[in-house]
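To start, the structure itself, in structure tokens.
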Amino acid sequence: MAKGSHANRGKDWEAIIEAYSKVYENQGHAVVFRTPPPVRLLAPMGGGRWKAVMTEEGPPDYTMLVRGDPRPIAVSAEAKNNQSGRWSLAQLHPHQAKKLQAWHDLGGLAVVLLRNQPNNKCYVLPWRTFGPVWSRWRAGQVGGRRAAPRTASLGVSDLESIGFSFHESKGYLNALLEAHNEISAG
């Protein structure tokens, strides 16, 4: 993967999420569906590959049903990967935020699964705590105002304060359940 490749950014993170999702399914803890954007196939390229274009903005990356106590937890998750010191809020697109907000409004657990490579940690960012941060930043963008310093991105201390950290070698399930339990309690 080329270092600056936009098309492949985060593919290895998604592969890690999918590997853990299979483990959770095999253990009976979750059912996880990868939800790719809708595409139109244009032409075969050989070897089972196709040239394709997205036909519309897609849903968040993953839809999950996680074993909860006392009832299952409906989860919608968008996967993001960060390779710099601060994670740019612009990496979450408005159509993705809109879907996460709708999921949250209907009572589901909407999250961003963020791998922050600089500190070698990953985060479950629940929309309940992350959504207002993103929305404030976005409102300034739409209004044509330049963001105040350090408000267009999140550093490690920001991620720690609004999210639930985990190491990618441990998987995301415990952090996801921790986020759900804290949100449900408060």
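Within each chain, counting starts at residue 1; across the structure tokens, chains are named A, B, ... in the order shown, with ligands numbered 1 upward in that order.
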Item to complete: Step one, run DSSP on the backbone; step two, keep only residues of range 13-155 of chain A assigned to alpha helix (DSSP H); then write them as a PyMOL selection string.
Response: chain A and resi 13-26+94-105+127-142
Worksheet item: Leaving out range 28-38 of chain A and any residue of its chain fewer than 2 positions from it, which residues lie within 12 Å of it when counting only C-alpha atoms, given as a PyMOL selection string?
Response: chain A and resi 14-15+17-26+40-41+52-69+72-79+95-96+172-174+176-177
Determine, for each residue of range 72-142 of chain A having at least one atom at most 12 Å from an atom of range 154-163 of chain A, the closest pair of atoms and their separation in Å to one decimal, counting only C-alpha atoms; order by chain and ascending number, as JSON lines.
{"residue": "A:Asn82", "atom": "CA", "partner": "A:Leu154", "partner_atom": "CA", "distance": 10.3}
{"residue": "A:Gln83", "atom": "CA", "partner": "A:Gly155", "partner_atom": "CA", "distance": 11.8}
{"residue": "A:Ser84", "atom": "CA", "partner": "A:Gly155", "partner_atom": "CA", "distance": 9.6}
{"residue": "A:Gly85", "atom": "CA", "partner": "A:Gly155", "partner_atom": "CA", "distance": 6.7}
{"residue": "A:Arg86", "atom": "CA", "partner": "A:Gly155", "partner_atom": "CA", "distance": 4.6}
{"residue": "A:Trp87", "atom": "CA", "partner": "A:Leu154", "partner_atom": "CA", "distance": 5.1}
{"residue": "A:Ser88", "atom": "CA", "partner": "A:Leu154", "partner_atom": "CA", "distance": 6.6}
{"residue": "A:Leu89", "atom": "CA", "partner": "A:Leu154", "partner_atom": "CA", "distance": 7.3}
{"residue": "A:Ala90", "atom": "CA", "partner": "A:Leu154", "partner_atom": "CA", "distance": 10.7}
{"residue": "A:Gln91", "atom": "CA", "partner": "A:Leu154", "partner_atom": "CA", "distance": 11.3}
{"residue": "A:Val111", "atom": "CA", "partner": "A:Gly163", "partner_atom": "CA", "distance": 9.4}
{"residue": "A:Val112", "atom": "CA", "partner": "A:Gly163", "partner_atom": "CA", "distance": 9.3}
{"residue": "A:Leu113", "atom": "CA", "partner": "A:Gly163", "partner_atom": "CA", "distance": 9.6}
{"residue": "A:Leu114", "atom": "CA", "partner": "A:Leu159", "partner_atom": "CA", "distance": 9.3}
{"residue": "A:Arg115", "atom": "CA", "partner": "A:Leu159", "partner_atom": "CA", "distance": 10.7}
{"residue": "A:Asn116", "atom": "CA", "partner": "A:Val156", "partner_atom": "CA", "distance": 8.4}
{"residue": "A:Gln117", "atom": "CA", "partner": "A:Val156", "partner_atom": "CA", "distance": 10.6}
{"residue": "A:Pro118", "atom": "CA", "partner": "A:Val156", "partner_atom": "CA", "distance": 9.0}
{"residue": "A:Asn119", "atom": "CA", "partner": "A:Val156", "partner_atom": "CA", "distance": 7.6}
{"residue": "A:Asn120", "atom": "CA", "partner": "A:Val156", "partner_atom": "CA", "distance": 10.5}
{"residue": "A:Lys121", "atom": "CA", "partner": "A:Val156", "partner_atom": "CA", "distance": 9.3}
{"residue": "A:Cys122", "atom": "CA", "partner": "A:Leu159", "partner_atom": "CA", "distance": 9.4}
{"residue": "A:Tyr123", "atom": "CA", "partner": "A:Gly163", "partner_atom": "CA", "distance": 5.9}
{"residue": "A:Val124", "atom": "CA", "partner": "A:Gly163", "partner_atom": "CA", "distance": 5.5}
{"residue": "A:Leu125", "atom": "CA", "partner": "A:Gly163", "partner_atom": "CA", "distance": 4.5}
{"residue": "A:Pro126", "atom": "CA", "partner": "A:Gly163", "partner_atom": "CA", "distance": 6.6}
{"residue": "A:Trp127", "atom": "CA", "partner": "A:Ile162", "partner_atom": "CA", "distance": 9.4}
{"residue": "A:Arg128", "atom": "CA", "partner": "A:Ile162", "partner_atom": "CA", "distance": 9.1}
{"residue": "A:Thr129", "atom": "CA", "partner": "A:Ile162", "partner_atom": "CA", "distance": 5.6}
{"residue": "A:Phe130", "atom": "CA", "partner": "A:Ile162", "partner_atom": "CA", "distance": 6.3}
{"residue": "A:Gly131", "atom": "CA", "partner": "A:Ile162", "partner_atom": "CA", "distance": 9.9}
{"residue": "A:Pro132", "atom": "CA", "partner": "A:Ile162", "partner_atom": "CA", "distance": 10.5}
{"residue": "A:Val133", "atom": "CA", "partner": "A:Ile162", "partner_atom": "CA", "distance": 9.3}
{"residue": "A:Trp134", "atom": "CA", "partner": "A:Leu154", "partner_atom": "CA", "distance": 9.9}
{"residue": "A:Trp137", "atom": "CA", "partner": "A:Leu154", "partner_atom": "CA", "distance": 11.0}
Item to complete: Can you check which residues of range 68-109 of chain A DSSP gives as strand (DSSP E) on the backbone and send them as number ranges by chain?
Response: A: 73-82, 87-88, 109
Worksheet item: When you draw a straight line from CA of Gln101 in chain A to CA of Ile16 in chain A, how long is it in Å?
Response: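 These atoms are spaced 25.2 Å apart.
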